[in-house]
Structure formats: C-alpha cells, structure tokens
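Enquirer: One file is attached below, structure-v9.cif, containing mmCIF, C-alpha atoms and all ligand atoms.
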data_entry
#
loop_
_atom_site.label_atom_id
_atom_site.label_comp_id
_atom_site.auth_asym_id
_atom_site.auth_seq_id
_atom_site.Cartn_x
_atom_site.Cartn_y
_atom_site.Cartn_z
CA MET F 1 -5.87 26.20 2.56
CA SER F 2 -4.60 24.65 5.78
CA LYS F 3 -0.87 23.95 5.68
CA ARG F 4 -1.17 21.02 8.07
CA PHE F 5 -2.02 18.65 5.22
CA SER F 6 0.45 20.18 2.77
CA LEU F 7 3.10 17.96 1.15
CA GLU F 8 4.86 20.87 -0.57
CA GLY F 9 8.56 20.15 -1.16
CA LYS F 10 8.25 16.47 -0.22
CA THR F 11 9.45 13.55 -2.34
CA ALA F 12 7.01 10.65 -2.15
CA PHE F 13 7.93 7.11 -3.26
CA VAL F 14 4.89 4.86 -3.80
CA THR F 15 5.74 1.26 -4.65
CA GLY F 16 3.70 -0.61 -7.26
CA ALA F 17 1.96 2.61 -8.27
CA SER F 18 1.58 2.19 -12.04
CA TYR F 19 -2.17 1.82 -11.44
CA GLY F 20 -4.72 1.02 -8.73
CA ILE F 21 -4.52 2.12 -5.12
CA GLY F 22 -0.88 3.18 -5.41
CA MET F 23 -1.54 5.52 -8.32
CA ALA F 24 -4.56 7.06 -6.58
CA ILE F 25 -2.49 7.76 -3.47
CA ALA F 26 0.37 9.17 -5.56
CA LYS F 27 -1.98 11.49 -7.45
CA ALA F 28 -3.50 12.65 -4.15
CA PHE F 29 -0.02 13.40 -2.80
CA HIS F 30 0.72 15.43 -5.94
CA SER F 31 -2.42 17.46 -5.39
CA GLU F 32 -0.95 18.48 -2.04
CA GLY F 33 2.39 19.46 -3.61
CA ALA F 34 4.51 16.30 -3.41
CA THR F 35 6.96 15.15 -6.10
CA ILE F 36 5.97 11.64 -7.19
CA VAL F 37 8.25 8.64 -7.70
CA PHE F 38 7.02 5.09 -8.23
CA ASN F 39 8.22 1.66 -9.25
CA ASP F 40 6.82 -1.46 -10.81
CA ILE F 41 8.27 -4.86 -11.54
CA ASN F 42 7.09 -4.66 -15.16
CA PRO F 43 8.92 -2.20 -17.48
CA ASP F 44 5.88 -1.80 -19.74
CA LEU F 45 3.73 -0.87 -16.75
CA VAL F 46 6.31 1.67 -15.61
CA GLN F 47 6.05 3.35 -19.02
CA LYS F 48 2.26 3.12 -19.00
CA GLY F 49 2.24 4.55 -15.50
CA ILE F 50 4.42 7.50 -16.51
CA ALA F 51 2.02 8.18 -19.39
CA SER F 52 -1.00 7.98 -17.08
CA TYR F 53 0.55 10.42 -14.64
CA ARG F 54 1.49 12.73 -17.53
CA ALA F 55 -2.08 12.63 -18.81
CA ALA F 56 -3.10 13.83 -15.34
CA GLY F 57 -0.58 16.68 -15.53
CA ILE F 58 1.92 14.96 -13.25
CA THR F 59 5.61 14.53 -14.08
CA ALA F 60 6.27 11.32 -12.16
CA ARG F 61 9.55 9.41 -12.17
CA GLY F 62 9.10 5.66 -12.66
CA TYR F 63 11.67 2.93 -11.96
CA VAL F 64 11.71 -0.76 -12.79
CA CYS F 65 12.37 -2.44 -9.45
CA ASP F 66 11.33 -5.66 -7.74
CA VAL F 67 10.66 -4.87 -4.08
CA THR F 68 11.85 -8.36 -3.10
CA ASP F 69 15.34 -7.75 -4.53
CA GLU F 70 17.40 -5.99 -1.85
CA ARG F 71 20.18 -4.92 -4.25
CA GLU F 72 17.72 -3.57 -6.83
CA VAL F 73 15.86 -1.66 -4.12
CA GLU F 74 19.04 -0.13 -2.68
CA GLU F 75 20.17 0.92 -6.18
CA THR F 76 16.75 2.42 -6.97
CA VAL F 77 16.61 4.39 -3.71
CA ALA F 78 20.12 5.73 -4.45
CA LYS F 79 19.05 6.70 -7.99
CA ILE F 80 15.97 8.49 -6.62
CA ALA F 81 18.14 10.42 -4.14
CA ALA F 82 20.51 11.44 -6.95
CA GLU F 83 17.87 12.20 -9.61
CA VAL F 84 14.94 13.53 -7.57
CA GLY F 85 15.83 13.92 -3.90
CA ILE F 86 15.92 12.02 -0.62
CA ILE F 87 12.57 10.28 -0.03
CA ASP F 88 10.43 11.98 2.62
CA ILE F 89 7.34 9.78 2.27
CA LEU F 90 7.29 6.04 1.49
CA VAL F 91 4.12 4.09 0.74
CA ASN F 92 4.67 0.31 0.70
CA ASN F 93 1.81 -0.45 -1.67
CA ALA F 94 3.26 -3.17 -3.94
CA GLY F 95 1.54 -6.47 -3.34
CA ILE F 96 0.27 -9.70 -4.77
CA ILE F 97 -2.43 -12.16 -3.74
CA LYS F 98 -2.85 -15.84 -4.54
CA ARG F 99 -6.35 -17.17 -3.85
CA ILE F 100 -5.58 -20.88 -3.28
CA PRO F 101 -6.98 -23.22 -0.57
CA ALA F 102 -4.25 -23.88 2.03
CA LEU F 103 -4.31 -27.62 1.33
CA ASP F 104 -3.56 -26.93 -2.35
CA MET F 105 -1.00 -24.14 -1.90
CA THR F 106 2.67 -25.01 -2.22
CA ALA F 107 5.28 -23.57 0.13
CA VAL F 108 6.80 -21.81 -2.89
CA GLU F 109 3.49 -20.05 -3.60
CA PHE F 110 3.12 -19.17 0.09
CA ARG F 111 6.64 -17.74 0.23
CA GLN F 112 6.07 -15.69 -2.96
CA VAL F 113 3.19 -13.80 -1.31
CA ILE F 114 5.07 -13.31 1.97
CA ASP F 115 8.12 -12.14 0.02
CA VAL F 116 6.32 -9.36 -1.84
CA ASP F 117 3.67 -8.27 0.66
CA LEU F 118 5.74 -8.46 3.86
CA THR F 119 9.46 -8.85 3.18
CA GLY F 120 9.26 -6.33 0.34
CA ALA F 121 7.94 -3.69 2.71
CA PHE F 122 10.79 -4.43 5.13
CA ILE F 123 13.40 -4.23 2.36
CA VAL F 124 12.16 -0.92 0.98
CA SER F 125 11.64 0.63 4.43
CA LYS F 126 15.18 -0.39 5.46
CA ALA F 127 16.59 1.16 2.27
CA VAL F 128 14.67 4.43 2.67
CA ALA F 129 15.06 5.00 6.43
CA PRO F 130 18.73 6.16 6.43
CA GLY F 131 17.87 9.08 4.14
CA MET F 132 14.91 10.00 6.32
CA ILE F 133 17.12 9.90 9.41
CA GLU F 134 19.66 12.15 7.63
CA LYS F 135 16.86 14.62 6.76
CA GLY F 136 15.49 14.66 10.31
CA GLY F 137 12.39 12.56 9.79
CA GLY F 138 9.93 10.99 7.39
CA LYS F 139 6.68 9.13 6.91
CA ILE F 140 6.20 5.46 6.09
CA ILE F 141 2.72 4.14 5.24
CA ASN F 142 2.18 0.39 4.82
CA ILE F 143 -0.87 -0.74 2.86
CA CYS F 144 -2.39 -3.41 5.08
CA SER F 145 -5.79 -5.04 4.60
CA MET F 146 -8.97 -6.41 6.17
CA MET F 147 -6.83 -9.55 6.22
CA SER F 148 -4.56 -7.84 8.75
CA GLU F 149 -7.45 -8.54 11.16
CA LEU F 150 -9.75 -11.12 9.55
CA GLY F 151 -9.35 -14.44 7.75
CA ARG F 152 -11.25 -16.00 4.93
CA GLU F 153 -10.91 -19.12 2.80
CA THR F 154 -8.16 -19.28 0.14
CA VAL F 155 -6.08 -16.27 1.25
CA SER F 156 -3.91 -17.79 4.03
CA ALA F 157 -0.59 -16.51 2.63
CA TYR F 158 -1.99 -13.05 1.98
CA ALA F 159 -3.55 -12.84 5.47
CA ALA F 160 -0.30 -14.02 7.06
CA ALA F 161 1.60 -11.37 5.11
CA LYS F 162 -0.83 -8.54 5.86
CA GLY F 163 -1.08 -9.57 9.52
CA GLY F 164 2.68 -9.51 9.66
CA LEU F 165 2.71 -6.14 7.91
CA LYS F 166 0.52 -4.73 10.69
CA MET F 167 3.06 -5.87 13.29
CA LEU F 168 6.03 -4.73 11.17
CA THR F 169 4.33 -1.31 11.07
CA LYS F 170 4.08 -1.21 14.87
CA ASN F 171 7.63 -2.44 15.34
CA LEU F 172 9.33 -0.04 12.93
CA ALA F 173 7.24 2.75 14.46
CA CYS F 174 8.79 1.94 17.84
CA GLU F 175 12.31 1.57 16.47
CA TRP F 176 12.39 4.73 14.34
CA ALA F 177 10.27 7.18 16.38
CA GLU F 178 13.43 8.65 17.92
CA HIS F 179 14.41 9.71 14.39
CA ASN F 180 11.07 11.48 13.88
CA ILE F 181 9.93 8.82 11.42
CA GLN F 182 6.25 7.99 11.81
CA VAL F 183 5.32 4.50 10.56
CA ASN F 184 1.61 3.79 10.13
CA GLY F 185 -0.67 1.60 8.06
CA ILE F 186 -3.77 2.03 5.97
CA GLY F 187 -6.12 -0.96 5.94
CA PRO F 188 -8.40 -0.66 2.93
CA GLY F 189 -11.66 -2.57 2.93
CA TYR F 190 -12.79 -4.11 -0.33
CA ILE F 191 -11.77 -1.68 -3.06
CA ALA F 192 -12.66 -1.84 -6.75
CA THR F 193 -9.29 -2.39 -8.45
CA PRO F 194 -7.84 -4.98 -10.85
CA GLN F 195 -6.84 -7.08 -7.83
CA THR F 196 -10.47 -7.56 -6.78
CA ALA F 197 -11.94 -7.66 -10.28
CA PRO F 198 -12.40 -11.46 -10.16
CA LEU F 199 -14.55 -11.03 -7.02
CA ARG F 200 -16.76 -8.39 -8.65
CA GLU F 201 -17.63 -10.24 -11.82
CA ALA F 202 -21.35 -10.07 -12.66
CA GLY F 203 -23.27 -12.54 -10.54
CA HIS F 204 -20.24 -13.51 -8.44
CA PRO F 205 -21.67 -14.34 -4.97
CA PHE F 206 -18.74 -12.54 -3.33
CA ASN F 207 -19.94 -9.21 -4.75
CA ASP F 208 -23.26 -9.37 -2.87
CA PHE F 209 -21.51 -10.85 0.16
CA ILE F 210 -19.15 -7.90 0.52
CA ILE F 211 -21.93 -5.37 0.10
CA ALA F 212 -23.85 -7.18 2.88
CA LYS F 213 -20.77 -7.17 5.09
CA THR F 214 -20.12 -3.47 4.55
CA PRO F 215 -22.34 -1.04 6.54
CA ALA F 216 -21.74 1.54 3.79
CA ALA F 217 -23.29 -1.07 1.45
CA ARG F 218 -20.82 -0.50 -1.37
CA TRP F 219 -17.36 -1.45 -2.58
CA GLY F 220 -14.73 1.14 -1.78
CA THR F 221 -13.05 3.21 -4.48
CA THR F 222 -9.41 4.25 -4.65
CA ALA F 223 -10.62 7.83 -4.05
CA ASP F 224 -11.79 6.76 -0.57
CA LEU F 225 -8.14 6.20 0.38
CA GLU F 226 -6.79 9.57 -0.77
CA GLY F 227 -7.68 11.66 2.30
CA PRO F 228 -6.47 9.08 4.85
CA ALA F 229 -3.19 8.74 2.93
CA ILE F 230 -2.65 12.52 2.80
CA PHE F 231 -3.32 12.69 6.55
CA LEU F 232 -0.73 10.01 7.36
CA ALA F 233 1.81 11.54 4.94
CA SER F 234 1.45 15.08 6.33
CA SER F 235 2.52 16.92 9.48
CA ALA F 236 -1.10 16.60 10.68
CA SER F 237 -0.19 13.07 11.83
CA ASP F 238 3.19 13.82 13.47
CA PHE F 239 2.02 12.31 16.78
CA VAL F 240 0.32 9.30 15.14
CA ASN F 241 2.67 6.32 15.16
CA GLY F 242 2.22 2.57 14.89
CA HIS F 243 -1.43 2.96 13.96
CA VAL F 244 -3.35 1.14 11.23
CA LEU F 245 -6.13 3.35 9.89
CA TYR F 246 -8.87 1.11 8.49
CA VAL F 247 -10.74 2.62 5.56
CA ASP F 248 -13.39 -0.06 5.15
CA GLY F 249 -16.88 1.48 5.20
CA GLY F 250 -17.37 -0.12 8.61
CA ILE F 251 -16.64 -3.78 7.79
CA LEU F 252 -14.52 -4.38 10.91
CA ALA F 253 -17.26 -2.88 13.13
CA TYR F 254 -20.07 -5.01 11.70
CA ILE F 255 -21.35 -8.50 12.60
CA GLY F 256 -23.15 -8.62 9.25
CA LYS F 257 -26.65 -8.00 7.95
CA GLN F 258 -29.40 -10.30 9.28
CA PRO F 259 -30.61 -12.52 6.42
CA LYS F 260 -34.09 -11.50 5.23
P1 LIG F 301 -2.64 -4.72 -7.20
O1 LIG F 301 -2.80 -5.48 -8.42
O2 LIG F 301 -2.52 -5.52 -5.95
O3 LIG F 301 -1.36 -3.72 -7.37
C1 LIG F 301 -0.21 -4.15 -6.91
C2 LIG F 301 0.90 -3.36 -7.57
O4 LIG F 301 2.11 -3.85 -7.04
C3 LIG F 301 0.95 -3.55 -9.08
O5 LIG F 301 1.37 -2.37 -9.70
C4 LIG F 301 2.02 -4.62 -9.22
O6 LIG F 301 2.71 -4.58 -10.44
C5 LIG F 301 2.96 -4.22 -8.12
N1 LIG F 301 3.85 -5.31 -7.72
C6 LIG F 301 3.53 -6.61 -7.51
N2 LIG F 301 4.62 -7.29 -7.17
C7 LIG F 301 5.66 -6.42 -7.18
C8 LIG F 301 7.06 -6.52 -6.90
N3 LIG F 301 7.63 -7.69 -6.57
N4 LIG F 301 7.82 -5.41 -7.00
C9 LIG F 301 7.26 -4.22 -7.36
N5 LIG F 301 5.95 -4.05 -7.64
C10 LIG F 301 5.17 -5.15 -7.53
O7 LIG F 301 -3.80 -3.71 -7.02
P2 LIG F 301 -4.35 -2.87 -5.79
O8 LIG F 301 -5.68 -3.42 -5.49
O9 LIG F 301 -4.13 -1.46 -6.20
O10 LIG F 301 -3.46 -3.18 -4.48
C11 LIG F 301 -2.48 -2.30 -4.03
C12 LIG F 301 -2.17 -2.68 -2.60
O11 LIG F 301 -3.35 -2.57 -1.81
C13 LIG F 301 -1.70 -4.13 -2.42
O12 LIG F 301 -0.73 -4.18 -1.40
C14 LIG F 301 -2.96 -4.85 -1.94
O13 LIG F 301 -2.65 -6.01 -1.19
C15 LIG F 301 -3.57 -3.79 -1.10
N6 LIG F 301 -5.00 -3.90 -0.84
C16 LIG F 301 -5.89 -3.96 -1.87
C17 LIG F 301 -7.25 -4.00 -1.56
C18 LIG F 301 -8.31 -4.05 -2.63
O14 LIG F 301 -9.48 -4.32 -2.29
N7 LIG F 301 -7.99 -3.81 -3.89
C19 LIG F 301 -7.68 -3.95 -0.24
C20 LIG F 301 -6.72 -3.93 0.77
C21 LIG F 301 -5.39 -3.89 0.45
P3 LIG F 301 2.35 -5.62 -11.61
O15 LIG F 301 1.00 -5.24 -12.12
O16 LIG F 301 3.45 -5.43 -12.63
O17 LIG F 301 2.36 -7.01 -10.99
C1 LIG F 302 -9.85 -11.17 -1.05
C2 LIG F 302 -9.55 -9.75 -1.41
C3 LIG F 302 -9.10 -8.97 -0.19
C4 LIG F 302 -8.74 -7.57 -0.60
C5 LIG F 302 -8.29 -6.76 0.56
C6 LIG F 302 -9.34 -6.60 1.63
O1 LIG F 302 -9.59 -12.06 -1.88
O2 LIG F 302 -10.34 -11.38 0.08
O3 LIG F 302 -8.57 -9.69 -2.42
O4 LIG F 302 -8.02 -9.60 0.39
O5 LIG F 302 -7.71 -7.56 -1.54
O6 LIG F 302 -7.08 -7.20 1.08
O7 LIG F 302 -8.87 -5.66 2.57
#
Take the structure in the file and give it back as structure tokens.
Expert:
Amino acid sequence: MSKRFSLEGKTAFVTGASYGIGMAIAKAFHSEGATIVFNDINPDLVQKGIASYRAAGITARGYVCDVTDEREVEETVAKIAAEVGIIDILVNNAGIIKRIPALDMTAVEFRQVIDVDLTGAFIVSKAVAPGMIEKGGGKIINICSMMSELGRETVSAYAAAKGGLKMLTKNLACEWAEHNIQVNGIGPGYIATPQTAPLREAGHPFNDFIIAKTPAARWGTTADLEGPAIFLASSASDFVNGHVLYVDGGILAYIGKQPK
C-alpha cells in the first residue's frame, strides 16, 4: 500500500459529520488510519452519529458545537486537543441551504446561510490553525459547491456563501502556506444526500434536469468524494494549495445535452 495517501497517526476533525458527505469523508479518512472527531449542532444527531460510526467499527469522538459560535468552537477545539490530540486535518463540511427566491428572502435568512456556510468555516479554521502551526503543518479542506462557480434560482445566499468559501480557501492558503498548512476545497456536484432529497423526489423535474446537465448522467454519491478527500488530506497533496477540486461528473465542463 502506498504511504503517500496514508493518514496514519493523524487526528481529523470533520464538521457536521453525523451523516451525509461529512460522515462519508470521515469514514474514508479512518480507512486510511486517521482518528475521527466530528461535531453537530444537534445533540441527538451527535449520539446517532457516534452509534453509526461504531456500527462501522469506528470509535469516533462527537461534540455538540455550533460552528457559528466562536466561543463554543474554541472550547471544542481545546477539548479535542486535550481528549484526542491536536487536529491535523480539518474538513469544513457543516452547512445549510435555504431555497428561497431572492425577492422573498429576508436579510435574516440570508445572514443565517452566510453565517454557517462561510463564517463558520472561518471561525473553525481560525481556531484550528494555531495547533497546526505548533505541530509544523496541517490540512484544511473546505466543502464548496457547484454554486461556488454557478448560480441558479432560489439559492442566492448559498451561492454567495459557497463563492465566498472558494475565495476564503484561496486566501487562507496564501496566508498559512508558510506554516506548511495546505488549504484546499472540494466542490461536489449534485450528490444524493438528505440536503438534496427534495430535488430528487419522484417526478421532480430537477432530477431529470441534473442528469441531463451531468455528462456522467447520474447523481453523485458520497462515495465519489472519498478518494478526492483522502488525496487532499494526505501528503500526496503537499504542493497543492488554494485549489478547489470539483467532483461533479463533468457538470462544470458541459454546456448541456441538446434537447431531443
Ligand atoms: P447537509 O444536510 O447539508 O449536512 C450538513 C451537516 O452540517 C449536518 O450534519 C448539519 O447538522 C450540520 N450543521 C448545519 N448547521 C450547523 C452548525 N451551525 N454547526 C454545526 N453543524 C451544523 O448534508 P450534505 O449534503 O452532507 O452537505 C454537507 C456539505 O456539503 C454542506 O456544506 C453542503 O453545502 C455541501 N454540499 C452538498 C452537496 C450535495 O449535493 N449534497 C453538493 C455540494 C456541496 P444538522 O442535521 O443537525 O442540521
Ligand atoms: C441546489 C442544491 C445544490 C447542491 C450543491 C451543488 O439546491 O442547487 O442543493 O446547491 O447542494 O451545492 O454543488
């Protein structure tokens, strides 16, 4: 087995990883030897997440923590350092979406999405970076989106947040490279998770639309993200910095299928 993708001896903190993309990435990291830590805003989901990891043979530590609360995040990162170890790998996965037409969206709703999807990533990265600097380096992976590059109706706040997250990724990469911290992004295409379940309901026009817009002609699965995440978390990507790796089945390369 090549060592270049090994995560042996690394502590990985994946935010919002009680299910979905975050859990898939955390499980993939464990398969390469990492120790898994995660958080969720919902205590019940933290417990359910711990049980899910245990059922997969993984002893994961779960913490109740709201990524938008700077004090809570700092306390959680300190607890992780004391109870598990200094974080080597951070995945800013926690996120929300509100599908509301811009004319109907309140500023409060807009700010809520920005606060979790963009400011939350800043808060957690800022809390984790000092430990990485002390250890001589680390890896930060921000979960971006097709909406880091493209717009569509009803997701203005989410697109603004994920577009900002792309630029936060590039900026922190520049600022922390001297400390051997690589900061990159993963931009999933349309992935079958609870977040996109409303778009995949039987007969929903969006389901066929996405398949037509995806050269691979299918929705992505969380498993599609595991290899790219391991790459960006491992020493194989030590000279990759400020990059967003799109895992989208070709969506961003495609003008779209000609109507029959
Ligand atoms: P999801 O429902 O978006 O999962 C988000 C996770 O973040 C949940 O565990 C959620 O916990 C948690 N979370 C939300 N707000 C939080 C907060 N303030 N503090 C801490 N945790 C919080 O499902 P997903 O599809 O797996 O998405 C994961 C990430 O991938 C998100 O950033 C999403 O934007 C991104 N993404 C998804 C797709 C896709 O097609 N699914 C594509 C591109 C990017 P609760 O359940 O308790 O709210
Ligand atoms: C939407 C979807 C997308 C996906 C993902 C695509 O409503 O358009 O939720 O935004 O979640 O971000 O990369």
Enquirer: Leaving out stretch 69-73 of chain F and any residue of its chain fewer than 5 positions from it, which residues lie within 9 Å of it when counting only C-alpha atoms, given as a PyMOL selection string?
Expert: chain F and resi 64+78+120+123-124+127
Enquirer: Give the answer as one residue: which of F:Gly187, F:Gly85, F:Gly164, F:Pro101 has the shortest atom-to-atom distance to F:Asp115, using all atoms listed in the file?
Expert: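 Answer, going by the shortest atom-to-atom distance: F:Gly164.
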Enquirer: Atom CA of F:Phe5 to atom CA of F:Ser234: how many Å, to one decimal?
Expert: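 Atom CA of F:Ser234 lies at a distance of 5.1 Å from atom CA of F:Phe5.
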Enquirer: Can you tell me which residues surround F:Phe239 at a distance of at most 12 Å, considering only C-alpha atoms, apart from same-chain residues fewer than 6 positions away, and format the answer as a list in words?
Expert: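 Listing them by chain and then by number gives Lys139, Ala173, Ala177, Asn180, Ile181, Gln182, Val183, Asn184, Phe231, Leu232 and Ala233 of chain F.
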Enquirer: Check the smallest atom-to-atom distance from each of F:Ser18, F:Leu45, F:Ile114, F:Glu32 to F:Ser2 using only C-alpha atoms, then report the winner.
Expert: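 Of the candidates, the smallest distance to F:Ser2 is held by F:Glu32.
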Enquirer: Taking only C-alpha atoms and all ligand atoms into account, which residues have an atom no farther than 6 Å from ligand LIG 302 (chain F)? I'd like them as a list in words.
Expert: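 Checked against 6 Å with only C-alpha atoms and all ligand atoms; the hits are Ser145, Met146, Met147, Pro188, Gly189, Tyr190 and Thr196 of chain F.
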Enquirer: What do you get as an MDAnalysis selection string if you pick all residues at most 7 Å from ligand LIG 301 (chain F), counting all atoms listed in the file?
Expert: chainID F and resid 15:22 39:42 45 65:68 93:97 116:117 143:146 187:196
Enquirer: Neighbours of stretch 223-225 of chain F within 9 Å (all atoms listed in the file; same-chain residues fewer than 3 positions away dropped), as a PyMOL selection string?
Expert: chain F and resi 21+24-25+28+186+188+191+220+228-230+247
Enquirer: Which is closest to F:Ser125 among F:Asp88, F:Asp208, F:Glu8, F:Glu201, if we use all atoms listed in the file?
Expert: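 Among the listed residues, the smallest separation from F:Ser125 belongs to F:Asp88.
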Enquirer: Give the answer as one residue: which of F:Glu226, F:Glu74, F:Asp238, F:Asp248 has the shortest atom-to-atom distance to F:Lys213, using only C-alpha atoms?
Expert: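 Among the listed residues, the smallest separation from F:Lys213 belongs to F:Asp248.
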Enquirer: Mind giving me the straight-line distance from atom CA of F:Ala129 to atom CA of F:Ser148 in Å, one decimal?
Expert: 23.6 Å
Enquirer: Tell me which of F:Lys27, F:Lys166, F:Arg218, F:Lys126 sits closest to F:Val244, counting all atoms listed in the file.
Expert: F:Lys166
Enquirer: N, CA, C and O atoms are what I want for stretch 36-51 of chain F; can you complete it accordingly and write them as a short mmCIF file (atom, residue, chain, number, x, y, z; two decimals), keeping the file's coordinate frame?
Expert:
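Saved the output as rebuild_19.cif:
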data_model
loop_
_atom_site.label_atom_id
_atom_site.label_comp_id
_atom_site.auth_asym_id
_atom_site.auth_seq_id
_atom_site.Cartn_x
_atom_site.Cartn_y
_atom_site.Cartn_z
N ILE F 36 6.35 13.05 -7.19
CA ILE F 36 5.97 11.64 -7.19
C ILE F 36 7.03 10.76 -7.85
O ILE F 36 7.49 11.04 -8.97
N VAL F 37 7.38 9.69 -7.17
CA VAL F 37 8.25 8.64 -7.70
C VAL F 37 7.55 7.31 -7.45
O VAL F 37 6.93 7.12 -6.40
N PHE F 38 7.64 6.41 -8.43
CA PHE F 38 7.02 5.09 -8.23
C PHE F 38 7.86 4.02 -8.88
O PHE F 38 8.79 4.30 -9.65
N ASN F 39 7.55 2.79 -8.60
CA ASN F 39 8.22 1.66 -9.25
C ASN F 39 7.18 0.61 -9.63
O ASN F 39 6.05 0.62 -9.14
N ASP F 40 7.61 -0.28 -10.49
CA ASP F 40 6.82 -1.46 -10.81
C ASP F 40 7.80 -2.52 -11.25
O ASP F 40 8.93 -2.21 -11.66
N ILE F 41 7.38 -3.76 -11.15
CA ILE F 41 8.27 -4.86 -11.54
C ILE F 41 8.29 -5.02 -13.06
O ILE F 41 9.23 -5.57 -13.63
N ASN F 42 7.28 -4.47 -13.72
CA ASN F 42 7.09 -4.66 -15.16
C ASN F 42 7.45 -3.38 -15.91
O ASN F 42 6.80 -2.34 -15.72
N PRO F 43 8.50 -3.42 -16.77
CA PRO F 43 8.92 -2.20 -17.48
C PRO F 43 7.80 -1.54 -18.29
O PRO F 43 7.67 -0.32 -18.31
N ASP F 44 6.98 -2.37 -18.93
CA ASP F 44 5.88 -1.80 -19.74
C ASP F 44 4.92 -1.01 -18.85
O ASP F 44 4.44 0.06 -19.22
N LEU F 45 4.68 -1.56 -17.66
CA LEU F 45 3.73 -0.87 -16.75
C LEU F 45 4.34 0.40 -16.19
O LEU F 45 3.64 1.37 -15.92
N VAL F 46 5.67 0.43 -16.05
CA VAL F 46 6.31 1.67 -15.61
C VAL F 46 6.06 2.75 -16.67
O VAL F 46 5.66 3.87 -16.37
N GLN F 47 6.26 2.38 -17.93
CA GLN F 47 6.05 3.35 -19.02
C GLN F 47 4.58 3.77 -19.10
O GLN F 47 4.26 4.95 -19.25
N LYS F 48 3.69 2.79 -18.96
CA LYS F 48 2.26 3.12 -19.00
C LYS F 48 1.89 4.02 -17.82
O LYS F 48 1.10 4.95 -17.94
N GLY F 49 2.51 3.73 -16.68
CA GLY F 49 2.24 4.55 -15.50
C GLY F 49 2.70 5.98 -15.70
O GLY F 49 1.96 6.93 -15.40
N ILE F 50 3.90 6.15 -16.26
CA ILE F 50 4.42 7.50 -16.51
C ILE F 50 3.47 8.26 -17.43
O ILE F 50 3.14 9.43 -17.20
N ALA F 51 2.96 7.55 -18.45
CA ALA F 51 2.02 8.18 -19.39
C ALA F 51 0.71 8.55 -18.70
O ALA F 51 0.14 9.63 -18.93
#
